[in-house]
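As provided, coords.pdb (PDB, C-alpha atoms and all ligand atoms) reads as follows.
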MODEL        1
ATOM      1  CA  MET B   1     -67.031 -32.732  -9.391
ATOM      2  CA  PRO B   2     -64.857 -31.739  -6.417
ATOM      3  CA  SER B   3     -66.428 -32.709  -3.091
ATOM      4  CA  LYS B   4     -65.716 -29.325  -1.521
ATOM      5  CA  ASP B   5     -65.959 -25.762  -2.731
ATOM      6  CA  TYR B   6     -63.382 -23.396  -1.279
ATOM      7  CA  ARG B   7     -64.337 -20.325  -3.288
ATOM      8  CA  GLY B   8     -66.250 -18.700  -0.439
ATOM      9  CA  LEU B   9     -63.337 -18.888   2.009
ATOM     10  CA  PHE B  10     -62.632 -15.156   1.814
ATOM     11  CA  ASP B  11     -66.242 -14.033   1.510
ATOM     12  CA  LEU B  12     -67.148 -11.480   4.199
ATOM     13  CA  THR B  13     -70.663 -10.638   3.019
ATOM     14  CA  ASP B  14     -72.631  -8.726   5.681
ATOM     15  CA  LYS B  15     -69.887  -9.004   8.286
ATOM     16  CA  VAL B  16     -69.521  -5.897  10.455
ATOM     17  CA  ALA B  17     -65.951  -4.641  10.804
ATOM     18  CA  ALA B  18     -64.518  -1.783  12.874
ATOM     19  CA  VAL B  19     -61.130  -0.352  11.880
ATOM     20  CA  THR B  20     -59.363   1.974  14.318
ATOM     21  CA  GLY B  21     -56.846   4.249  12.615
ATOM     22  CA  GLY B  22     -59.011   3.618   9.568
ATOM     23  CA  ALA B  23     -58.251   7.042   8.117
ATOM     24  CA  GLY B  24     -54.505   6.303   7.975
ATOM     25  CA  GLY B  25     -52.348   4.929   5.169
ATOM     26  CA  LEU B  26     -52.771   1.230   5.977
ATOM     27  CA  GLY B  27     -56.173   1.685   7.613
ATOM     28  CA  ARG B  28     -57.988   3.151   4.623
ATOM     29  CA  GLU B  29     -56.796   0.335   2.323
ATOM     30  CA  ALA B  30     -57.954  -2.203   4.914
ATOM     31  CA  VAL B  31     -61.344  -0.457   5.014
ATOM     32  CA  LEU B  32     -61.649  -0.663   1.235
ATOM     33  CA  ALA B  33     -60.490  -4.290   1.048
ATOM     34  CA  LEU B  34     -62.932  -5.360   3.773
ATOM     35  CA  GLY B  35     -65.759  -3.491   2.006
ATOM     36  CA  GLN B  36     -64.931  -5.131  -1.321
ATOM     37  CA  HIS B  37     -65.106  -8.535   0.358
ATOM     38  CA  GLY B  38     -68.592  -7.742   1.656
ATOM     39  CA  CYS B  39     -68.175  -6.001   5.034
ATOM     40  CA  HIS B  40     -70.051  -3.056   6.441
ATOM     41  CA  VAL B  41     -67.265  -0.968   7.954
ATOM     42  CA  VAL B  42     -67.081   1.462  10.866
ATOM     43  CA  VAL B  43     -64.048   3.743  10.586
ATOM     44  CA  VAL B  44     -62.763   4.943  13.963
ATOM     45  CA  ASP B  45     -60.078   7.618  13.959
ATOM     46  CA  LEU B  46     -59.191  10.928  15.595
ATOM     47  CA  ASP B  47     -60.228  12.595  12.334
ATOM     48  CA  THR B  48     -62.228  10.582   9.811
ATOM     49  CA  SER B  49     -62.747  13.501   7.389
ATOM     50  CA  LYS B  50     -59.846  12.232   5.225
ATOM     51  CA  VAL B  51     -61.774   9.084   4.270
ATOM     52  CA  ARG B  52     -65.370  10.272   4.077
ATOM     53  CA  HIS B  53     -65.056  10.127   0.271
ATOM     54  CA  LEU B  54     -65.142   6.302   0.589
ATOM     55  CA  GLU B  55     -68.908   6.616   1.108
ATOM     56  CA  GLY B  56     -69.420   6.664  -2.664
ATOM     57  CA  ALA B  57     -67.469   3.447  -3.254
ATOM     58  CA  PHE B  58     -69.319   1.706  -0.406
ATOM     59  CA  GLY B  59     -72.701   2.915  -1.688
ATOM     60  CA  ALA B  60     -71.885   1.535  -5.139
ATOM     61  CA  MET B  61     -71.003  -1.840  -3.565
ATOM     62  CA  GLY B  62     -74.227  -1.878  -1.507
ATOM     63  CA  ARG B  63     -72.273  -1.775   1.771
ATOM     64  CA  ASN B  64     -72.544   0.645   4.664
ATOM     65  CA  ILE B  65     -69.626   2.706   5.877
ATOM     66  CA  SER B  66     -69.838   4.926   8.937
ATOM     67  CA  PHE B  67     -67.367   7.221  10.618
ATOM     68  CA  ILE B  68     -66.721   7.807  14.297
ATOM     69  CA  ASP B  69     -64.249  10.459  15.426
ATOM     70  CA  ALA B  70     -62.824   9.083  18.671
ATOM     71  CA  ASP B  71     -59.610   8.816  20.648
ATOM     72  CA  ILE B  72     -58.830   5.161  21.425
ATOM     73  CA  THR B  73     -56.811   6.123  24.516
ATOM     74  CA  ARG B  74     -60.033   7.405  26.178
ATOM     75  CA  SER B  75     -61.970   4.532  27.732
ATOM     76  CA  ASP B  76     -65.175   6.603  27.796
ATOM     77  CA  GLN B  77     -64.919   7.223  24.037
ATOM     78  CA  VAL B  78     -64.047   3.576  23.326
ATOM     79  CA  LEU B  79     -67.125   2.447  25.293
ATOM     80  CA  GLN B  80     -69.249   4.863  23.271
ATOM     81  CA  VAL B  81     -67.786   3.580  19.962
ATOM     82  CA  PHE B  82     -68.583  -0.077  20.670
ATOM     83  CA  GLY B  83     -71.963   0.873  22.160
ATOM     84  CA  ASP B  84     -72.817   2.770  18.960
ATOM     85  CA  ILE B  85     -71.739  -0.162  16.778
ATOM     86  CA  MET B  86     -73.991  -2.522  18.752
ATOM     87  CA  LYS B  87     -76.880  -0.055  18.586
ATOM     88  CA  THR B  88     -76.536   0.241  14.800
ATOM     89  CA  TYR B  89     -75.710  -3.345  13.809
ATOM     90  CA  GLY B  90     -76.364  -5.518  16.881
ATOM     91  CA  LYS B  91     -73.071  -7.348  16.285
ATOM     92  CA  LEU B  92     -69.362  -6.934  15.614
ATOM     93  CA  ASP B  93     -67.605  -9.614  13.557
ATOM     94  CA  ILE B  94     -64.182  -8.072  12.952
ATOM     95  CA  LEU B  95     -62.022  -5.546  14.784
ATOM     96  CA  VAL B  96     -58.835  -4.239  13.185
ATOM     97  CA  ASN B  97     -56.698  -2.233  15.624
ATOM     98  CA  MET B  98     -54.655  -0.034  13.270
ATOM     99  CA  ALA B  99     -54.238   3.213  15.199
ATOM    100  CA  GLY B 100     -50.600   3.800  16.027
ATOM    101  CA  ILE B 101     -47.790   6.341  16.154
ATOM    102  CA  ASN B 102     -43.980   6.352  16.329
ATOM    103  CA  LYS B 103     -41.071   8.590  17.258
ATOM    104  CA  ARG B 104     -37.449   7.754  16.534
ATOM    105  CA  LEU B 105     -34.739   8.788  19.020
ATOM    106  CA  PRO B 106     -32.059   6.989  21.030
ATOM    107  CA  VAL B 107     -33.147   5.840  24.497
ATOM    108  CA  VAL B 108     -30.873   8.394  26.194
ATOM    109  CA  GLU B 109     -32.646  11.254  24.399
ATOM    110  CA  PHE B 110     -36.184   9.845  24.482
ATOM    111  CA  PRO B 111     -38.626  12.247  26.178
ATOM    112  CA  GLU B 112     -40.765  10.621  28.852
ATOM    113  CA  GLU B 113     -43.923  12.273  27.522
ATOM    114  CA  ASP B 114     -43.369  10.724  24.075
ATOM    115  CA  TRP B 115     -42.814   7.307  25.673
ATOM    116  CA  ASP B 116     -46.142   7.700  27.491
ATOM    117  CA  LYS B 117     -47.966   8.905  24.370
ATOM    118  CA  ILE B 118     -46.732   5.992  22.233
ATOM    119  CA  MET B 119     -47.575   3.441  24.935
ATOM    120  CA  ASN B 120     -50.982   5.016  25.409
ATOM    121  CA  ILE B 121     -51.996   4.900  21.768
ATOM    122  CA  ASN B 122     -50.225   1.761  20.509
ATOM    123  CA  LEU B 123     -50.657  -0.486  23.542
ATOM    124  CA  LYS B 124     -53.304   0.876  25.910
ATOM    125  CA  GLY B 125     -55.583   1.993  23.068
ATOM    126  CA  THR B 126     -55.322  -1.452  21.485
ATOM    127  CA  PHE B 127     -56.066  -3.045  24.878
ATOM    128  CA  LEU B 128     -59.143  -0.858  25.451
ATOM    129  CA  CYS B 129     -60.581  -1.727  22.021
ATOM    130  CA  CYS B 130     -59.708  -5.428  22.401
ATOM    131  CA  LYS B 131     -61.456  -5.443  25.774
ATOM    132  CA  GLU B 132     -64.772  -4.088  24.457
ATOM    133  CA  ALA B 133     -64.662  -6.208  21.278
ATOM    134  CA  ALA B 134     -63.814  -9.335  23.276
ATOM    135  CA  LYS B 135     -66.892  -8.874  25.492
ATOM    136  CA  ILE B 136     -69.123  -8.596  22.422
ATOM    137  CA  MET B 137     -67.477 -11.423  20.464
ATOM    138  CA  LYS B 138     -67.396 -13.801  23.428
ATOM    139  CA  ALA B 139     -71.136 -13.302  23.910
ATOM    140  CA  GLN B 140     -71.707 -13.829  20.165
ATOM    141  CA  GLY B 141     -69.530 -16.950  20.124
ATOM    142  CA  GLN B 142     -67.597 -15.683  17.108
ATOM    143  CA  GLY B 143     -65.305 -12.903  15.961
ATOM    144  CA  LYS B 144     -61.918 -11.930  14.586
ATOM    145  CA  ILE B 145     -59.567  -9.472  16.267
ATOM    146  CA  ILE B 146     -56.591  -8.275  14.234
ATOM    147  CA  ASN B 147     -53.960  -6.162  15.966
ATOM    148  CA  MET B 148     -51.172  -4.221  14.297
ATOM    149  CA  GLY B 149     -47.794  -5.389  15.432
ATOM    150  CA  SER B 150     -44.716  -4.745  13.349
ATOM    151  CA  VAL B 151     -41.370  -6.324  12.593
ATOM    152  CA  SER B 152     -40.504  -4.158  15.618
ATOM    153  CA  SER B 153     -42.568  -6.599  17.730
ATOM    154  CA  VAL B 154     -39.598  -8.962  17.396
ATOM    155  CA  LEU B 155     -36.565  -6.946  16.208
ATOM    156  CA  GLY B 156     -34.468  -4.458  18.179
ATOM    157  CA  HIS B 157     -34.152  -1.593  15.714
ATOM    158  CA  PRO B 158     -32.110   1.282  17.185
ATOM    159  CA  ASN B 159     -34.099   4.457  17.995
ATOM    160  CA  HIS B 160     -37.406   2.548  18.247
ATOM    161  CA  SER B 161     -37.520   1.938  22.007
ATOM    162  CA  ALA B 162     -41.078   3.019  22.787
ATOM    163  CA  TYR B 163     -42.468   1.833  19.455
ATOM    164  CA  ALA B 164     -40.800  -1.597  19.696
ATOM    165  CA  ALA B 165     -41.790  -2.011  23.346
ATOM    166  CA  SER B 166     -45.377  -1.092  22.497
ATOM    167  CA  LYS B 167     -45.474  -3.458  19.501
ATOM    168  CA  ALA B 168     -43.917  -6.313  21.500
ATOM    169  CA  GLY B 169     -46.637  -5.586  24.048
ATOM    170  CA  VAL B 170     -49.287  -5.751  21.312
ATOM    171  CA  LEU B 171     -47.949  -9.164  20.278
ATOM    172  CA  LEU B 172     -48.145 -10.576  23.823
ATOM    173  CA  LEU B 173     -51.553  -8.970  24.399
ATOM    174  CA  THR B 174     -52.618 -10.749  21.198
ATOM    175  CA  LYS B 175     -51.309 -14.115  22.427
ATOM    176  CA  VAL B 176     -52.889 -13.776  25.875
ATOM    177  CA  LEU B 177     -56.285 -12.746  24.484
ATOM    178  CA  ALA B 178     -56.063 -15.549  21.903
ATOM    179  CA  MET B 179     -55.637 -18.046  24.763
ATOM    180  CA  GLU B 180     -58.472 -16.506  26.755
ATOM    181  CA  LEU B 181     -60.850 -16.686  23.779
ATOM    182  CA  ALA B 182     -59.576 -19.889  22.134
ATOM    183  CA  THR B 183     -62.679 -21.903  23.023
ATOM    184  CA  CYS B 184     -65.112 -19.022  22.403
ATOM    185  CA  GLY B 185     -64.966 -19.005  18.589
ATOM    186  CA  VAL B 186     -62.901 -15.819  18.586
ATOM    187  CA  ASN B 187     -59.552 -15.596  16.771
ATOM    188  CA  VAL B 188     -57.012 -13.012  17.878
ATOM    189  CA  ASN B 189     -53.979 -12.408  15.686
ATOM    190  CA  ALA B 190     -51.425  -9.729  14.888
ATOM    191  CA  ILE B 191     -49.848  -8.586  11.646
ATOM    192  CA  GLY B 192     -46.188  -7.604  11.495
ATOM    193  CA  PRO B 193     -45.397  -5.456   8.476
ATOM    194  CA  ALA B 194     -41.944  -4.227   7.540
ATOM    195  CA  TYR B 195     -41.708  -0.611   6.330
ATOM    196  CA  VAL B 196     -44.587   0.677   4.205
ATOM    197  CA  GLU B 197     -44.627   4.262   2.955
ATOM    198  CA  THR B 198     -47.450   6.127   4.760
ATOM    199  CA  ASP B 199     -47.737   9.339   6.820
ATOM    200  CA  LEU B 200     -46.121   7.366   9.655
ATOM    201  CA  THR B 201     -42.896   6.709   7.740
ATOM    202  CA  ARG B 202     -42.757   9.142   4.787
ATOM    203  CA  ASP B 203     -40.530  11.833   6.317
ATOM    204  CA  TYR B 204     -38.100   9.252   7.680
ATOM    205  CA  LEU B 205     -37.926   7.403   4.362
ATOM    206  CA  LYS B 206     -37.107  10.665   2.550
ATOM    207  CA  MET B 207     -34.083  11.356   4.778
ATOM    208  CA  GLY B 208     -30.682  10.477   3.254
ATOM    209  CA  ASP B 209     -30.605   6.993   1.761
ATOM    210  CA  HIS B 210     -33.126   5.510   4.216
ATOM    211  CA  TYR B 211     -35.508   4.318   1.507
ATOM    212  CA  GLU B 212     -32.802   2.461  -0.429
ATOM    213  CA  SER B 213     -31.026   1.047   2.625
ATOM    214  CA  ILE B 214     -34.294  -0.268   4.080
ATOM    215  CA  ALA B 215     -35.208  -1.841   0.725
ATOM    216  CA  ARG B 216     -31.749  -3.474   0.675
ATOM    217  CA  SER B 217     -32.304  -4.893   4.194
ATOM    218  CA  ILE B 218     -35.433  -6.731   3.009
ATOM    219  CA  PRO B 219     -34.687 -10.016   1.239
ATOM    220  CA  MET B 220     -37.361  -9.357  -1.414
ATOM    221  CA  GLY B 221     -35.621  -6.051  -2.173
ATOM    222  CA  ARG B 222     -38.542  -3.676  -1.688
ATOM    223  CA  LEU B 223     -40.700  -2.025   0.962
ATOM    224  CA  GLY B 224     -44.174  -3.305   1.724
ATOM    225  CA  THR B 225     -47.330  -1.769   0.294
ATOM    226  CA  PRO B 226     -50.738  -1.109   1.872
ATOM    227  CA  GLU B 227     -52.071  -3.808  -0.493
ATOM    228  CA  ASP B 228     -49.674  -6.379   1.021
ATOM    229  CA  VAL B 229     -51.101  -5.599   4.451
ATOM    230  CA  ALA B 230     -54.730  -5.512   3.231
ATOM    231  CA  GLY B 231     -54.358  -9.078   1.929
ATOM    232  CA  ALA B 232     -53.222 -10.290   5.355
ATOM    233  CA  ILE B 233     -56.161  -8.506   6.979
ATOM    234  CA  VAL B 234     -58.726 -10.103   4.662
ATOM    235  CA  TYR B 235     -57.173 -13.516   5.371
ATOM    236  CA  LEU B 236     -57.244 -13.056   9.159
ATOM    237  CA  ALA B 237     -60.800 -11.655   8.996
ATOM    238  CA  SER B 238     -62.090 -14.581   6.962
ATOM    239  CA  LYS B 239     -63.069 -18.205   7.439
ATOM    240  CA  ALA B 240     -59.773 -19.142   5.763
ATOM    241  CA  SER B 241     -58.002 -18.440   9.075
ATOM    242  CA  ASP B 242     -60.477 -20.144  11.449
ATOM    243  CA  PHE B 243     -57.746 -22.389  12.930
ATOM    244  CA  VAL B 244     -55.198 -19.558  13.244
ATOM    245  CA  THR B 245     -54.985 -17.752  16.566
ATOM    246  CA  GLY B 246     -52.316 -16.097  18.714
ATOM    247  CA  THR B 247     -49.926 -15.645  15.814
ATOM    248  CA  LEU B 248     -47.892 -12.799  14.328
ATOM    249  CA  LEU B 249     -48.333 -12.880  10.563
ATOM    250  CA  LEU B 250     -45.190 -11.197   9.279
ATOM    251  CA  VAL B 251     -45.720  -9.244   6.065
ATOM    252  CA  ASP B 252     -42.090  -8.325   5.694
ATOM    253  CA  GLY B 253     -40.614  -9.592   2.426
ATOM    254  CA  GLY B 254     -38.545 -12.061   4.447
ATOM    255  CA  ARG B 255     -36.976  -9.437   6.758
ATOM    256  CA  CYS B 256     -37.314 -11.573   9.886
ATOM    257  CA  ALA B 257     -36.329 -14.805   8.124
ATOM    258  CA  ASP B 258     -32.835 -13.413   7.601
TER     259      ASP B 258
HETATM  260  N1  LIG H 301     -46.332   2.117   7.829
HETATM  261  C1  LIG H 301     -45.492   1.201   8.266
HETATM  262  O1  LIG H 301     -44.360   1.067   7.784
HETATM  263  C2  LIG H 301     -45.894   0.268   9.367
HETATM  264  C3  LIG H 301     -45.092  -0.856   9.612
HETATM  265  C4  LIG H 301     -45.450  -1.712  10.648
HETATM  266  C5  LIG H 301     -46.569  -1.463  11.417
HETATM  267  N2  LIG H 301     -47.324  -0.359  11.146
HETATM  268  C6  LIG H 301     -48.470  -0.117  12.007
HETATM  269  O2  LIG H 301     -49.639  -0.042  11.217
HETATM  270  C7  LIG H 301     -50.578   0.844  11.836
HETATM  271  C8  LIG H 301     -51.064   1.881  10.829
HETATM  272  O3  LIG H 301     -49.937   2.646  10.422
HETATM  273  P1  LIG H 301     -49.971   3.637   9.176
HETATM  274  O4  LIG H 301     -48.687   3.468   8.480
HETATM  275  O5  LIG H 301     -51.249   3.490   8.437
HETATM  276  O6  LIG H 301     -49.922   5.034   9.940
HETATM  277  P2  LIG H 301     -50.757   6.385   9.679
HETATM  278  O7  LIG H 301     -50.069   7.427  10.456
HETATM  279  O8  LIG H 301     -50.948   6.590   8.214
HETATM  280  O9  LIG H 301     -52.175   6.047  10.307
HETATM  281  C9  LIG H 301     -52.363   5.925  11.696
HETATM  282  C10 LIG H 301     -53.772   6.404  12.004
HETATM  283  O10 LIG H 301     -54.002   6.243  13.420
HETATM  284  C11 LIG H 301     -54.784   7.346  13.856
HETATM  285  N3  LIG H 301     -54.636   7.549  15.298
HETATM  286  C12 LIG H 301     -53.517   7.957  15.963
HETATM  287  N4  LIG H 301     -53.791   8.097  17.274
HETATM  288  C13 LIG H 301     -55.091   7.778  17.444
HETATM  289  C14 LIG H 301     -55.950   7.740  18.565
HETATM  290  N5  LIG H 301     -55.512   8.079  19.793
HETATM  291  N6  LIG H 301     -57.237   7.373  18.383
HETATM  292  C15 LIG H 301     -57.703   7.055  17.153
HETATM  293  N7  LIG H 301     -56.927   7.051  16.041
HETATM  294  C16 LIG H 301     -55.638   7.426  16.190
HETATM  295  C17 LIG H 301     -54.219   8.527  13.052
HETATM  296  O11 LIG H 301     -55.139   9.620  13.043
HETATM  297  C18 LIG H 301     -53.987   7.896  11.688
HETATM  298  O12 LIG H 301     -55.098   8.058  10.823
HETATM  299  C19 LIG H 301     -49.872   1.437  13.065
HETATM  300  O13 LIG H 301     -50.248   0.715  14.200
HETATM  301  C20 LIG H 301     -48.407   1.208  12.749
HETATM  302  O14 LIG H 301     -47.619   1.117  13.896
HETATM  303  C21 LIG H 301     -47.020   0.510  10.147
ENDMDL
END
Could I get this structure in the form of structure tokens?
Amino acid sequence: MPSKDYRGLFDLTDKVAAVTGGAGGLGREAVLALGQHGCHVVVVDLDTSKVRHLEGAFGAMGRNISFIDADITRSDQVLQVFGDIMKTYGKLDILVNMAGINKRLPVVEFPEEDWDKIMNINLKGTFLCCKEAAKIMKAQGQGKIINMGSVSSVLGHPNHSAYAASKAGVLLLTKVLAMELATCGVNVNAIGPAYVETDLTRDYLKMGDHYESIARSIPMGRLGTPEDVAGAIVYLASKASDFVTGTLLLVDGGRCAD
């Protein structure tokens, strides 16, 4: 008989997870994957109507799913979201900060208002949610915060100035918060996917030969999938990653190893 049993490493039974941007392409797969591993999930998005059909799947699994329409750039709404989660569940085990946007233009043409909007959602919104979750998780003495970086957290893709700056900011916010919470039982990590086809990227991927040229730039020869990202989220949400904090887990088919 083996002396240890590792089969429960990814078990998330009765954990409470909040997923911002949970109605988006990567978010909704993360919601489903967390639910299938045992979580009760709170979906936070500007418009959660797109994923309300997940209620059936969660009911069948004996898990709760709830939906909060909120704007993560509004500190009053963020406070309300985390207050509601605590009122309903009395704890928060996992926060996945998925909400994000992009706009592609050269720096010299980049409108200031789009710079502000991207920074507000991708970086400030992530900060506001991290701040409220960190208070709760620190008091609990446990928790997992998973932020969405990107390969753009570390690569200088042309036309991605605001997005890359925001995602580099998310990575350093992740590292700083990981240090601040390192002795509190709270892990803070980021995921860095390469391109995945979702609403965020679909139009761009359809233009010219973008899809093929991006696939060629990835050593594994393909784009990522929402399932690739969901696997990383389950890992970082689970006991399997208890000694992992302050890192960027690249899910990029080797793009940044090149
Ligand atoms: N798709 C990719 O190729 C890719 C690659 C690397 C990183 N990412 C990151 O992954 C995350 C999810 O991306 P996606 O591809 O699922 O995009 P998506 O556009 O499908 O989903 C993003 C979701 O965020 C929500 N959102 C936007 N602003 C919000 C706000 N102020 N408050 C609350 N919710 C808000 C949107 O309503 C949407 O449902 C983003 O942070 C993105 O930068 C995506």
Please find the residues contacting ligand LIG 301 (chain H) at a distance of at most 7 Å between atoms, with only C-alpha atoms and all ligand atoms counted, and report them as a PyMOL selection string. chain B and resi 20-27+44-47+70-73+98-102+121-122+125+148-151+192-201
Counting only C-alpha atoms, which residues of region 131-227 of chain B sit at most 12 Å from some atom of region 77-83 of chain B, and what is each one's closest atom pair with its distance in Å to one decimal, listed by chain and rising residue number, as a tab-separated table?
residue	atom	partner	partner_atom	distance
B:Lys131	CA	B:Val78	CA	9.7
B:Glu132	CA	B:Phe82	CA	6.7
B:Ala133	CA	B:Phe82	CA	7.3
B:Ala134	CA	B:Phe82	CA	10.7
B:Lys135	CA	B:Phe82	CA	10.2
B:Ile136	CA	B:Phe82	CA	8.7
B:Met137	CA	B:Phe82	CA	11.4
Produce a file of the selected residues containing C-alpha atoms, as a PDB file, keeping the file's coordinate frame.
ATOM      1  CA  LYS B 131     -61.456  -5.443  25.774  1.00  0.00           C
ATOM      2  CA  GLU B 132     -64.772  -4.088  24.457  1.00  0.00           C
ATOM      3  CA  ALA B 133     -64.662  -6.208  21.278  1.00  0.00           C
ATOM      4  CA  ALA B 134     -63.814  -9.335  23.276  1.00  0.00           C
ATOM      5  CA  LYS B 135     -66.892  -8.874  25.492  1.00  0.00           C
ATOM      6  CA  ILE B 136     -69.123  -8.596  22.422  1.00  0.00           C
ATOM      7  CA  MET B 137     -67.477 -11.423  20.464  1.00  0.00           C
TER       8      MET B 137
END
Calculated over all atoms listed in the file, which of the candidates B:Ala165, B:Leu92, B:Leu223, B:Leu34 has the smallest distance to Trp115 (chain B)?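 The closest residue to Trp115 (chain B) is B:Ala165.
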The PyMOL selection byres (((chain B and resi 51-62) around 8) and not hetatm) - which residues does that actually catch in the file I just gave you? List them as a PDB file with C-alpha atoms, in the coordinates of the input.
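Generated file (part25.pdb):
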ATOM      1  CA  ALA B  23     -58.251   7.042   8.117  1.00  0.00           C
ATOM      2  CA  ARG B  28     -57.988   3.151   4.623  1.00  0.00           C
ATOM      3  CA  LEU B  32     -61.649  -0.663   1.235  1.00  0.00           C
ATOM      4  CA  GLY B  35     -65.759  -3.491   2.006  1.00  0.00           C
ATOM      5  CA  GLN B  36     -64.931  -5.131  -1.321  1.00  0.00           C
ATOM      6  CA  THR B  48     -62.228  10.582   9.811  1.00  0.00           C
ATOM      7  CA  SER B  49     -62.747  13.501   7.389  1.00  0.00           C
ATOM      8  CA  LYS B  50     -59.846  12.232   5.225  1.00  0.00           C
ATOM      9  CA  ARG B  63     -72.273  -1.775   1.771  1.00  0.00           C
ATOM     10  CA  ASN B  64     -72.544   0.645   4.664  1.00  0.00           C
ATOM     11  CA  ILE B  65     -69.626   2.706   5.877  1.00  0.00           C
ATOM     12  CA  PHE B  67     -67.367   7.221  10.618  1.00  0.00           C
TER      13      PHE B  67
END
Go ahead and find all residues with at least one atom no further than 12 Å from (-40.0, 11.3, 19.7) in the file's coordinates, using all atoms listed in the file; report them as a short mmCIF file (atom, residue, chain, number, x, y, z; two decimals) with C-alpha atoms, in the frame of the given file.
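Dumped to point.cif:
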data_model
loop_
_atom_site.label_atom_id
_atom_site.label_comp_id
_atom_site.auth_asym_id
_atom_site.auth_seq_id
_atom_site.Cartn_x
_atom_site.Cartn_y
_atom_site.Cartn_z
CA ILE B 101 -47.79 6.34 16.15
CA ASN B 102 -43.98 6.35 16.33
CA LYS B 103 -41.07 8.59 17.26
CA ARG B 104 -37.45 7.75 16.53
CA LEU B 105 -34.74 8.79 19.02
CA PRO B 106 -32.06 6.99 21.03
CA VAL B 107 -33.15 5.84 24.50
CA VAL B 108 -30.87 8.39 26.19
CA GLU B 109 -32.65 11.25 24.40
CA PHE B 110 -36.18 9.85 24.48
CA PRO B 111 -38.63 12.25 26.18
CA GLU B 112 -40.76 10.62 28.85
CA GLU B 113 -43.92 12.27 27.52
CA ASP B 114 -43.37 10.72 24.08
CA TRP B 115 -42.81 7.31 25.67
CA ASP B 116 -46.14 7.70 27.49
CA LYS B 117 -47.97 8.90 24.37
CA ILE B 118 -46.73 5.99 22.23
CA ASN B 159 -34.10 4.46 18.00
CA HIS B 160 -37.41 2.55 18.25
CA SER B 161 -37.52 1.94 22.01
CA ALA B 162 -41.08 3.02 22.79
CA TYR B 163 -42.47 1.83 19.45
#
Selection in question (the file shown): the PyMOL selection byres (((chain B and resi 190) around 8) and not hetatm). Which residues does it include, as a list in words? Ile146, Asn147, Met148, Gly149, Val170, Leu171, Thr174, Val188, Asn189, Ile191, Gly192, Gly246, Thr247, Leu248 and Leu249 of chain B
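For region 237-239 of chain B, the non-local neighbours within 10 Å, defined as residues at least 3 positions apart in the same chain or in other chains and counting all atoms listed in the file, are Gly8, Leu9, Phe10, Asp11, Leu12, Lys15, Ala17, Leu34, His37, Asp93, Ile94, Leu95, Val96, Gly143, Lys144, Ile145, Ile146, Asn187, Val188, Asn189, Gly231, Ala232, Ile233, Val234, Asp242, Phe243 and Val244 of chain B.
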For a test of reading the model, state the distance in Å between CA of Val16 (chain B) and CA of Thr225 (chain B), rounded to one decimal.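 Taking CA of Val16 (chain B) as the start and CA of Thr225 (chain B) as the end point, the length is 24.8 Å.
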Set up a box along x, y and z of the file covering all listed atoms of region 77-94 of chain B, add 3 Å on every one of the six sides, and write the centre and edge lengths in Å to one decimal, as lines of an AutoDock Vina configuration file.
center_x = -70.5
center_y = -1.2
center_z = 19.1
size_x = 18.8
size_y = 22.8
size_z = 18.3
In Å, with one decimal, what is the gap from CA of Met220 (chain B) to CA of Ser153 (chain B)?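 Between CA of Met220 (chain B) and CA of Ser153 (chain B) the gap is 20.0 Å.
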Counting all atoms listed in the file, closest pick from B:Phe127, B:Glu29, B:Val186, B:Gly169 relative to Leu236 (chain B) is B:Val186
